[in-house]
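The file my_file.txt contains compact mmCIF, C-alpha atoms:
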# COMPACT_ATOMS: atom_id res chain seq x y z
CA MET A 1 0.00 0.00 0.00
CA LYS A 2 1.44 3.30 -1.09
CA LYS A 3 1.03 6.36 1.05
CA PRO A 4 -0.09 8.74 -1.66
CA ILE A 5 -0.08 11.96 0.33
CA SER A 6 1.01 15.11 -1.35
CA LYS A 7 4.08 15.61 0.81
CA HIS A 8 5.52 12.31 -0.30
CA GLU A 9 4.50 12.98 -3.84
CA TYR A 10 6.27 16.32 -3.74
CA GLN A 11 9.30 14.71 -2.18
CA LYS A 12 9.41 12.02 -4.85
CA MET A 13 9.19 14.73 -7.46
CA VAL A 14 11.95 16.70 -5.78
CA ASP A 15 14.22 13.66 -5.59
CA LYS A 16 13.59 12.81 -9.20
CA LYS A 17 14.49 16.30 -10.25
CA ALA A 18 17.39 16.75 -7.89
CA PRO A 19 20.19 16.67 -10.50
CA GLY A 20 21.58 20.14 -11.17
CA SER A 21 20.70 20.12 -14.86
CA HIS A 22 17.06 20.36 -13.88
CA ILE A 23 17.43 23.40 -11.66
CA ALA A 24 17.09 25.92 -14.49
CA ARG A 25 13.94 24.19 -15.73
CA ASN A 26 12.48 24.06 -12.20
CA ILE A 27 13.17 27.75 -11.62
CA PHE A 28 11.54 28.70 -14.89
CA ALA A 29 8.48 26.55 -14.12
CA ALA A 30 8.23 27.97 -10.58
CA PHE A 31 8.48 31.54 -11.90
CA ILE A 32 5.78 31.04 -14.53
CA THR A 33 3.43 29.09 -12.24
CA GLY A 34 3.83 31.41 -9.25
CA GLY A 35 3.56 34.43 -11.53
CA ILE A 36 0.33 33.25 -13.12
CA ILE A 37 -1.26 32.38 -9.76
CA CYS A 38 -0.36 35.81 -8.34
CA SER A 39 -1.67 37.48 -11.53
CA ILE A 40 -5.02 35.75 -11.01
CA GLY A 41 -4.94 37.04 -7.43
CA GLN A 42 -4.23 40.53 -8.75
CA VAL A 43 -7.23 40.36 -11.11
CA VAL A 44 -9.48 39.28 -8.22
CA LEU A 45 -8.07 42.10 -6.08
CA MET A 46 -8.74 44.68 -8.80
CA ILE A 47 -12.29 43.40 -9.33
CA ALA A 48 -12.95 43.64 -5.58
CA GLU A 49 -11.55 47.20 -5.54
CA ASN A 50 -13.74 48.08 -8.52
CA PHE A 51 -16.75 47.09 -6.46
CA GLY A 52 -15.64 49.69 -3.93
CA ALA A 53 -13.98 47.39 -1.38
CA ASP A 54 -11.36 49.05 0.84
CA LYS A 55 -7.82 47.68 0.95
CA ASP A 56 -8.31 45.20 3.80
CA THR A 57 -11.63 43.93 2.44
CA ALA A 58 -10.22 43.50 -1.06
CA ALA A 59 -7.24 41.60 0.37
CA ALA A 60 -9.56 39.33 2.38
CA VAL A 61 -11.76 38.69 -0.66
CA THR A 62 -8.64 37.81 -2.66
CA SER A 63 -7.41 35.37 0.00
CA ILE A 64 -10.80 33.68 0.24
CA THR A 65 -11.12 33.41 -3.56
CA MET A 66 -7.59 32.05 -4.04
CA ILE A 67 -8.07 29.54 -1.21
CA PHE A 68 -11.33 28.43 -2.80
CA LEU A 69 -9.63 28.04 -6.20
CA GLY A 70 -6.80 26.02 -4.66
CA ALA A 71 -9.24 23.72 -2.87
CA PHE A 72 -11.47 23.36 -5.91
CA LEU A 73 -8.62 22.58 -8.32
CA THR A 74 -7.26 20.05 -5.83
CA GLY A 75 -10.68 18.42 -5.52
CA ILE A 76 -10.95 17.93 -9.27
CA ASN A 77 -7.39 16.54 -9.33
CA VAL A 78 -5.95 19.46 -11.30
CA TYR A 79 -3.81 21.20 -8.69
CA ASP A 80 -1.52 18.24 -8.11
CA GLU A 81 -0.72 18.32 -11.84
CA ILE A 82 0.04 22.05 -11.60
CA ALA A 83 2.28 21.29 -8.61
CA LYS A 84 4.12 18.56 -10.52
CA PHE A 85 4.96 21.15 -13.17
CA GLY A 86 5.42 24.27 -11.08
CA GLY A 87 7.00 22.95 -7.86
CA ALA A 88 7.37 25.84 -5.41
CA GLY A 89 5.46 28.01 -7.89
CA ALA A 90 2.40 26.00 -6.84
CA SER A 91 3.20 25.38 -3.17
CA VAL A 92 4.35 28.86 -2.09
CA PRO A 93 1.16 30.76 -3.06
CA ILE A 94 -1.84 30.52 -0.72
CA THR A 95 -3.49 28.17 -3.23
CA GLY A 96 -0.76 25.69 -2.28
CA PHE A 97 -1.73 26.04 1.39
CA SER A 98 -5.26 25.15 0.35
CA ASN A 99 -3.95 22.23 -1.71
CA SER A 100 -2.00 20.98 1.31
CA ILE A 101 -5.31 20.80 3.22
CA VAL A 102 -7.49 19.10 0.61
CA SER A 103 -4.95 16.67 -0.79
CA PRO A 104 -4.22 14.62 2.37
CA ALA A 105 -7.84 14.96 3.55
CA MET A 106 -9.00 13.31 0.31
CA GLU A 107 -6.39 10.59 0.50
CA PHE A 108 -7.19 9.68 4.08
CA LYS A 109 -10.97 9.83 3.79
CA LYS A 110 -11.02 6.05 4.09
CA GLU A 111 -9.79 6.41 7.68
CA GLY A 112 -13.03 8.17 8.57
CA TYR A 113 -14.31 11.67 8.96
CA ILE A 114 -12.71 12.43 12.31
CA MET A 115 -9.22 10.92 12.26
CA GLY A 116 -9.11 10.71 8.47
CA VAL A 117 -10.46 13.92 6.96
CA GLY A 118 -10.59 16.00 10.14
CA ALA A 119 -7.09 15.23 11.34
CA LYS A 120 -5.21 14.80 8.08
CA MET A 121 -6.45 18.14 6.74
CA PHE A 122 -3.83 19.68 9.00
CA LEU A 123 -0.94 17.40 8.09
CA ILE A 124 0.89 20.35 6.50
CA ALA A 125 -1.49 23.22 7.29
CA GLY A 126 -1.13 22.40 11.01
CA PRO A 127 2.61 23.11 11.16
CA VAL A 128 2.11 26.21 9.00
CA LEU A 129 -0.50 27.55 11.44
CA VAL A 130 1.44 26.51 14.56
CA TYR A 131 4.63 28.26 13.50
CA GLY A 132 2.82 31.19 11.87
CA ILE A 133 0.65 31.94 14.90
CA PHE A 134 3.46 31.30 17.37
CA ALA A 135 5.73 33.63 15.38
CA SER A 136 3.01 36.30 15.44
CA VAL A 137 2.79 36.05 19.26
CA VAL A 138 6.57 36.36 19.58
CA ALA A 139 6.49 39.31 17.16
CA GLY A 140 3.67 40.83 19.22
CA LEU A 141 5.62 40.43 22.48
CA LEU A 142 8.71 42.04 20.94
CA TYR A 143 6.63 44.90 19.58
CA PHE A 144 4.84 45.35 22.92
CA ILE A 145 8.15 45.51 24.83
CA TRP A 146 9.65 47.85 22.24
CA LYS A 147 6.61 50.12 22.59
CA GLN A 148 7.08 50.34 26.38
CA VAL A 149 10.75 51.19 26.05
CA VAL A 150 10.56 53.77 23.29
CA MET B 1 -2.36 45.90 -16.76
CA ALA B 2 0.90 47.19 -15.28
CA ASP B 3 -0.34 46.05 -11.86
CA ILE B 4 -0.91 42.53 -13.15
CA LEU B 5 2.57 42.44 -14.66
CA LYS B 6 4.10 43.61 -11.38
CA ALA B 7 2.13 40.95 -9.47
CA PHE B 8 3.35 38.34 -11.97
CA LEU B 9 6.99 39.39 -11.59
CA LEU B 10 7.04 39.68 -7.80
CA GLY B 11 4.98 36.53 -7.24
CA GLY B 12 7.20 34.67 -9.69
CA ILE B 13 10.37 35.82 -7.97
CA ILE B 14 9.11 34.86 -4.48
CA CYS B 15 8.25 31.37 -5.79
CA VAL B 16 11.68 31.09 -7.44
CA ILE B 17 13.28 31.73 -4.03
CA GLY B 18 11.22 28.80 -2.70
CA GLN B 19 12.21 26.62 -5.64
CA LEU B 20 15.90 27.44 -5.16
CA LEU B 21 15.62 26.44 -1.49
CA ILE B 22 14.02 23.14 -2.54
CA ASP B 23 16.57 22.39 -5.26
CA LEU B 24 19.68 23.50 -3.44
CA THR B 25 18.95 22.37 0.12
CA LYS B 26 16.58 19.43 -0.45
CA ILE B 27 14.22 21.05 2.05
CA THR B 28 10.66 19.67 1.67
CA PRO B 29 7.84 21.86 0.30
CA ALA B 30 6.04 21.54 3.67
CA ARG B 31 9.05 23.10 5.37
CA ILE B 32 9.25 25.79 2.70
CA MET B 33 5.67 26.73 3.55
CA VAL B 34 6.47 26.98 7.26
CA VAL B 35 9.67 28.94 6.56
CA PHE B 36 7.86 31.37 4.26
CA VAL B 37 5.07 32.11 6.73
CA VAL B 38 7.55 32.68 9.58
CA LEU B 39 9.74 34.79 7.28
CA GLY B 40 6.66 36.85 6.42
CA VAL B 41 5.98 37.41 10.13
CA ILE B 42 9.58 38.56 10.72
CA LEU B 43 9.63 40.86 7.68
CA GLY B 44 6.18 42.14 8.64
CA LEU B 45 7.28 42.93 12.21
CA PHE B 46 10.05 45.18 10.93
CA GLY B 47 7.80 46.72 8.28
CA LEU B 48 9.99 45.33 5.51
CA TYR B 49 7.27 43.38 3.71
CA GLN B 50 4.75 46.20 3.30
CA PRO B 51 6.83 47.99 0.60
CA LEU B 52 6.64 44.77 -1.46
CA VAL B 53 2.85 44.72 -1.04
CA GLU B 54 2.68 48.38 -2.08
CA TRP B 55 4.69 47.62 -5.23
CA GLY B 56 3.57 44.19 -6.28
CA SER B 57 0.18 43.96 -4.55
CA ALA B 58 -1.14 40.41 -5.01
CA GLY B 59 2.37 39.35 -6.08
CA ALA B 60 3.34 39.89 -2.44
CA SER B 61 0.08 39.08 -0.67
CA VAL B 62 -0.80 35.79 -2.40
CA PRO B 63 2.47 33.95 -1.50
CA LEU B 64 2.60 32.55 2.05
CA THR B 65 5.04 35.30 3.09
CA GLY B 66 2.02 37.59 2.63
CA PHE B 67 0.04 35.44 5.06
CA GLY B 68 2.88 35.89 7.58
CA ASN B 69 2.88 39.63 6.94
CA THR B 70 -0.88 39.73 7.59
CA LEU B 71 -0.34 37.96 10.94
CA ALA B 72 2.39 40.45 11.96
CA LYS B 73 0.45 43.51 10.78
CA GLY B 74 -2.63 42.30 12.65
CA VAL B 75 -0.78 41.78 15.90
CA ILE B 76 0.85 45.23 15.72
CA LYS B 77 -2.45 46.98 14.91
CA GLU B 78 -4.27 45.17 17.72
CA ILE B 79 -1.55 45.99 20.28
CA ASN B 80 -1.78 49.65 19.29
CA GLU B 81 -5.55 49.62 19.77
CA LYS B 82 -6.10 47.20 22.65
CA GLY B 83 -2.76 46.92 24.42
CA PHE B 84 -1.26 43.66 25.65
CA LEU B 85 -4.29 41.52 24.77
CA GLY B 86 -3.47 42.23 21.13
CA VAL B 87 -0.44 39.92 21.42
CA PHE B 88 -2.91 37.04 21.58
CA THR B 89 -5.77 38.30 19.42
CA GLY B 90 -4.20 40.35 16.64
CA GLY B 91 -2.60 37.69 14.47
CA VAL B 92 -5.44 35.23 14.10
CA LYS B 93 -7.98 38.05 13.87
CA ALA B 94 -6.23 39.49 10.82
CA ALA B 95 -5.81 36.03 9.28
CA ALA B 96 -9.34 34.88 10.17
CA ALA B 97 -10.73 35.12 6.64
CA GLY B 98 -7.91 32.99 5.24
CA ILE B 99 -7.93 30.39 8.00
CA THR B 100 -11.71 29.96 8.00
CA ALA B 101 -11.86 29.83 4.20
CA ALA B 102 -9.11 27.21 4.16
CA VAL B 103 -10.84 25.02 6.74
CA THR B 104 -14.31 25.42 5.18
CA PHE B 105 -13.45 25.00 1.50
CA GLY B 106 -10.81 22.41 2.33
CA TYR B 107 -13.32 20.33 4.26
CA ILE B 108 -16.08 20.64 1.65
CA MET B 109 -13.78 19.77 -1.24
CA ALA B 110 -12.24 16.85 0.63
CA ILE B 111 -15.69 15.46 1.36
CA ALA B 112 -17.00 16.06 -2.15
CA SER B 113 -14.06 14.70 -4.13
CA LYS B 114 -12.62 11.32 -4.85
CA PRO B 115 -8.85 10.88 -4.92
CA LYS B 116 -7.45 10.04 -8.31
CA VAL B 117 -6.42 6.40 -8.70
CA LYS B 118 -2.63 6.38 -8.70
CA LYS B 119 -0.96 4.78 -11.65

Using the file provided, produce a representation of the structure as structure tokens.
Amino acid sequence: MKKPISKHEYQKMVDKKAPGSHIARNIFAAFITGGIICSIGQVVLMIAENFGADKDTAAAVTSITMIFLGAFLTGINVYDEIAKFGGAGASVPITGFSNSIVSPAMEFKKEGYIMGVGAKMFLIAGPVLVYGIFASVVAGLLYFIWKQVV
Amino acid sequence: MADILKAFLLGGIICVIGQLLIDLTKITPARIMVVFVVLGVILGLFGLYQPLVEWGSAGASVPLTGFGNTLAKGVIKEINEKGFLGVFTGGVKAAAAGITAAVTFGYIMAIASKPKVKK
């Protein structure tokens, strides 16, 4: 039984492409893929601003839309193909965060809705949130102390 | 149109940095994601990420460094408004839309879809 979770898939892909001769190709693919995803985000942002959304609202609408797109494309088995081509160009944008939630959750559905879907959703998103939120608290503490001193 | 081009360039460059880390250090994409979010928090704390957002807009906010920047910006804003409590509330509050969207859409899509049969 293979463990077809996206992390392993990515890793396999990375190992396969490890030789130096592939680095130029990988960089090009990452640039194009990441660039296109961010361009789509920019279009969404501009549409939201056109509807009169302020900066924060437009940014939130963009995040929600991109996360939806990432989840949707993963669900219809398209995003993993994009990731195979684009590497970090697909995993660094927020759509990749979304992909990292849906992909393992789909694969582990057979283990049930609690410990399968519910738990495995956070296989990669969990660490991202743990370190992201923890870093924000540390940043907040530093800022708070700095504010008292200055 | 110029804004889209700028978003393309900046987003592309940020992803290339991630790809270089993967290719040169053999670091896994999951770790790249963690590193980028934390990097975004650090850059955001020192106000170094906001200029990128001003220039490249979605090119800076769509990558995960932008998510980190949102966390840092939120925590700073909340501390300025509410004091110490902001340390605990600011980050997640600012990132709430993203986190809730990810959990909701992620859950729905995972339930609704069937994994592709691996060849």

Any idea what's packed within 12 Å of Ala83 in chain A, counting only C-alpha atoms, ignoring anything in its chain fewer than 2 positions away? Could you give it as number ranges by chain? A: 6-7, 9-11, 13-14, 26, 29-30, 32-34, 37, 70, 73-74, 77-81, 85-93, 95-97, 99-100, 103; B: 19, 29

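From CA of Ala58 in chain B back to CA of Thr62 in chain A, the distance works out to 8.3 Å.
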
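Considering the residues B:Leu9, B:Ala97, B:Ala72, B:Cys15 and counting only C-alpha atoms, Trp55 in chain B has its shortest atom-to-atom contact with B:Leu9.
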
Using all atoms listed in the file: which of B:Gly12, B:Gly98, B:Gly47, B:Gly86 has the shortest distance to Gly59 in chain B: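 When distances to Gly59 in chain B are compared using all atoms listed in the file, the smallest one comes from B:Gly12.
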
Counting only C-alpha atoms, the residue of A:Ala24, A:Ala71, A:Leu142, A:Ala58 that sits nearest chain B: A:Ala71

Go through A:Ala48, A:Gly140, A:Lys55, A:Glu111 one by one, measure the shortest atom-to-atom distance of each to chain B using only C-alpha atoms, and give the residue with the smallest value. A:Gly140

Please determine the residues with any atom at most 9 Å from (6.6, 41.8, 1.3) (coordinates as given in the file, with all atoms listed in the file counting) and report them as a ChimeraX atom specification. /B:40,43-44,47-57,59-61,65-66,69

Which neighbours of Phe84 in chain B fall inside 10 Å, counting all atoms listed in the file, when residues of the same chain fewer than 2 positions from it are skipped, and could you give them as a short mmCIF file (atom, residue, chain, number, x, y, z; two decimals) with C-alpha atoms, in the coordinates of the input?
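Below is the file that was written, selection_2.cif:
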data_model
loop_
_atom_site.label_atom_id
_atom_site.label_comp_id
_atom_site.auth_asym_id
_atom_site.auth_seq_id
_atom_site.Cartn_x
_atom_site.Cartn_y
_atom_site.Cartn_z
CA GLY A 140 3.67 40.83 19.22
CA LEU A 141 5.62 40.43 22.48
CA PHE A 144 4.84 45.35 22.92
CA ILE A 145 8.15 45.51 24.83
CA VAL B 75 -0.78 41.78 15.90
CA GLU B 78 -4.27 45.17 17.72
CA ILE B 79 -1.55 45.99 20.28
CA ASN B 80 -1.78 49.65 19.29
CA GLU B 81 -5.55 49.62 19.77
CA LYS B 82 -6.10 47.20 22.65
CA GLY B 86 -3.47 42.23 21.13
CA VAL B 87 -0.44 39.92 21.42
CA PHE B 88 -2.91 37.04 21.58
CA THR B 89 -5.77 38.30 19.42
#

Complete the atoms of range 46-78 of chain B to N, CA and C atoms and put them out as a PDB file, keeping the file's coordinate frame.
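Full text of result-v1.pdb as output:
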ATOM      1  N   PHE B  46       9.142  44.050  11.143  1.00  0.00           N
ATOM      2  CA  PHE B  46      10.050  45.180  10.930  1.00  0.00           C
ATOM      3  C   PHE B  46       9.577  46.109   9.810  1.00  0.00           C
ATOM      4  N   GLY B  47       8.361  45.855   9.320  1.00  0.00           N
ATOM      5  CA  GLY B  47       7.800  46.720   8.280  1.00  0.00           C
ATOM      6  C   GLY B  47       8.502  46.601   6.938  1.00  0.00           C
ATOM      7  N   LEU B  48       9.221  45.479   6.741  1.00  0.00           N
ATOM      8  CA  LEU B  48       9.990  45.330   5.510  1.00  0.00           C
ATOM      9  C   LEU B  48       9.176  44.691   4.391  1.00  0.00           C
ATOM     10  N   TYR B  49       8.050  44.066   4.749  1.00  0.00           N
ATOM     11  CA  TYR B  49       7.270  43.380   3.710  1.00  0.00           C
ATOM     12  C   TYR B  49       6.266  44.321   3.056  1.00  0.00           C
ATOM     13  N   GLN B  50       5.790  45.303   3.823  1.00  0.00           N
ATOM     14  CA  GLN B  50       4.750  46.200   3.300  1.00  0.00           C
ATOM     15  C   GLN B  50       5.163  46.908   2.004  1.00  0.00           C
ATOM     16  N   PRO B  51       6.433  47.367   1.879  1.00  0.00           N
ATOM     17  CA  PRO B  51       6.830  47.990   0.600  1.00  0.00           C
ATOM     18  C   PRO B  51       6.628  47.049  -0.596  1.00  0.00           C
ATOM     19  N   LEU B  52       6.858  45.747  -0.383  1.00  0.00           N
ATOM     20  CA  LEU B  52       6.640  44.770  -1.460  1.00  0.00           C
ATOM     21  C   LEU B  52       5.167  44.707  -1.831  1.00  0.00           C
ATOM     22  N   VAL B  53       4.294  44.760  -0.792  1.00  0.00           N
ATOM     23  CA  VAL B  53       2.850  44.720  -1.040  1.00  0.00           C
ATOM     24  C   VAL B  53       2.426  45.986  -1.797  1.00  0.00           C
ATOM     25  N   GLU B  54       3.013  47.130  -1.396  1.00  0.00           N
ATOM     26  CA  GLU B  54       2.680  48.380  -2.080  1.00  0.00           C
ATOM     27  C   GLU B  54       3.059  48.299  -3.555  1.00  0.00           C
ATOM     28  N   TRP B  55       4.216  47.678  -3.840  1.00  0.00           N
ATOM     29  CA  TRP B  55       4.690  47.620  -5.230  1.00  0.00           C
ATOM     30  C   TRP B  55       3.986  46.530  -6.022  1.00  0.00           C
ATOM     31  N   GLY B  56       4.021  45.326  -5.490  1.00  0.00           N
ATOM     32  CA  GLY B  56       3.570  44.190  -6.280  1.00  0.00           C
ATOM     33  C   GLY B  56       2.181  43.671  -5.929  1.00  0.00           C
ATOM     34  N   SER B  57       1.546  44.306  -4.937  1.00  0.00           N
ATOM     35  CA  SER B  57       0.180  43.960  -4.550  1.00  0.00           C
ATOM     36  C   SER B  57      -0.034  42.460  -4.370  1.00  0.00           C
ATOM     37  N   ALA B  58      -0.856  41.832  -5.184  1.00  0.00           N
ATOM     38  CA  ALA B  58      -1.140  40.410  -5.010  1.00  0.00           C
ATOM     39  C   ALA B  58       0.122  39.549  -5.187  1.00  0.00           C
ATOM     40  N   GLY B  59       1.098  40.068  -5.919  1.00  0.00           N
ATOM     41  CA  GLY B  59       2.370  39.350  -6.080  1.00  0.00           C
ATOM     42  C   GLY B  59       3.064  39.146  -4.744  1.00  0.00           C
ATOM     43  N   ALA B  60       2.772  40.023  -3.776  1.00  0.00           N
ATOM     44  CA  ALA B  60       3.340  39.890  -2.440  1.00  0.00           C
ATOM     45  C   ALA B  60       2.350  39.292  -1.449  1.00  0.00           C
ATOM     46  N   SER B  61       1.054  39.537  -1.666  1.00  0.00           N
ATOM     47  CA  SER B  61       0.080  39.080  -0.670  1.00  0.00           C
ATOM     48  C   SER B  61      -0.385  37.645  -0.897  1.00  0.00           C
ATOM     49  N   VAL B  62      -0.351  37.169  -2.136  1.00  0.00           N
ATOM     50  CA  VAL B  62      -0.800  35.790  -2.400  1.00  0.00           C
ATOM     51  C   VAL B  62       0.207  34.734  -1.908  1.00  0.00           C
ATOM     52  N   PRO B  63       1.534  34.926  -2.070  1.00  0.00           N
ATOM     53  CA  PRO B  63       2.470  33.950  -1.500  1.00  0.00           C
ATOM     54  C   PRO B  63       2.334  33.878   0.031  1.00  0.00           C
ATOM     55  N   LEU B  64       2.785  32.763   0.610  1.00  0.00           N
ATOM     56  CA  LEU B  64       2.600  32.550   2.050  1.00  0.00           C
ATOM     57  C   LEU B  64       3.343  33.568   2.914  1.00  0.00           C
ATOM     58  N   THR B  65       4.384  34.218   2.361  1.00  0.00           N
ATOM     59  CA  THR B  65       5.040  35.300   3.090  1.00  0.00           C
ATOM     60  C   THR B  65       4.014  36.410   3.375  1.00  0.00           C
ATOM     61  N   GLY B  66       3.072  36.586   2.459  1.00  0.00           N
ATOM     62  CA  GLY B  66       2.020  37.590   2.630  1.00  0.00           C
ATOM     63  C   GLY B  66       1.086  37.228   3.769  1.00  0.00           C
ATOM     64  N   PHE B  67       0.856  35.932   3.938  1.00  0.00           N
ATOM     65  CA  PHE B  67       0.040  35.440   5.060  1.00  0.00           C
ATOM     66  C   PHE B  67       0.761  35.757   6.382  1.00  0.00           C
ATOM     67  N   GLY B  68       2.068  35.537   6.409  1.00  0.00           N
ATOM     68  CA  GLY B  68       2.880  35.890   7.580  1.00  0.00           C
ATOM     69  C   GLY B  68       2.824  37.379   7.859  1.00  0.00           C
ATOM     70  N   ASN B  69       2.942  38.172   6.804  1.00  0.00           N
ATOM     71  CA  ASN B  69       2.880  39.630   6.940  1.00  0.00           C
ATOM     72  C   ASN B  69       1.541  40.062   7.519  1.00  0.00           C
ATOM     73  N   THR B  70       0.459  39.420   7.063  1.00  0.00           N
ATOM     74  CA  THR B  70      -0.880  39.730   7.590  1.00  0.00           C
ATOM     75  C   THR B  70      -0.944  39.441   9.086  1.00  0.00           C
ATOM     76  N   LEU B  71      -0.377  38.314   9.517  1.00  0.00           N
ATOM     77  CA  LEU B  71      -0.340  37.960  10.940  1.00  0.00           C
ATOM     78  C   LEU B  71       0.391  39.049  11.740  1.00  0.00           C
ATOM     79  N   ALA B  72       1.571  39.457  11.243  1.00  0.00           N
ATOM     80  CA  ALA B  72       2.390  40.450  11.960  1.00  0.00           C
ATOM     81  C   ALA B  72       1.690  41.807  11.994  1.00  0.00           C
ATOM     82  N   LYS B  73       1.147  42.222  10.859  1.00  0.00           N
ATOM     83  CA  LYS B  73       0.450  43.510  10.780  1.00  0.00           C
ATOM     84  C   LYS B  73      -0.736  43.527  11.744  1.00  0.00           C
ATOM     85  N   GLY B  74      -1.462  42.407  11.786  1.00  0.00           N
ATOM     86  CA  GLY B  74      -2.630  42.300  12.650  1.00  0.00           C
ATOM     87  C   GLY B  74      -2.270  42.432  14.113  1.00  0.00           C
ATOM     88  N   VAL B  75      -1.176  41.767  14.494  1.00  0.00           N
ATOM     89  CA  VAL B  75      -0.780  41.780  15.900  1.00  0.00           C
ATOM     90  C   VAL B  75      -0.327  43.187  16.304  1.00  0.00           C
ATOM     91  N   ILE B  76       0.378  43.867  15.425  1.00  0.00           N
ATOM     92  CA  ILE B  76       0.850  45.230  15.720  1.00  0.00           C
ATOM     93  C   ILE B  76      -0.328  46.196  15.847  1.00  0.00           C
ATOM     94  N   LYS B  77      -1.274  46.093  14.909  1.00  0.00           N
ATOM     95  CA  LYS B  77      -2.450  46.980  14.910  1.00  0.00           C
ATOM     96  C   LYS B  77      -3.256  46.776  16.194  1.00  0.00           C
ATOM     97  N   GLU B  78      -3.453  45.488  16.551  1.00  0.00           N
ATOM     98  CA  GLU B  78      -4.270  45.170  17.720  1.00  0.00           C
ATOM     99  C   GLU B  78      -3.595  45.629  19.024  1.00  0.00           C
TER     100      GLU B  78
END
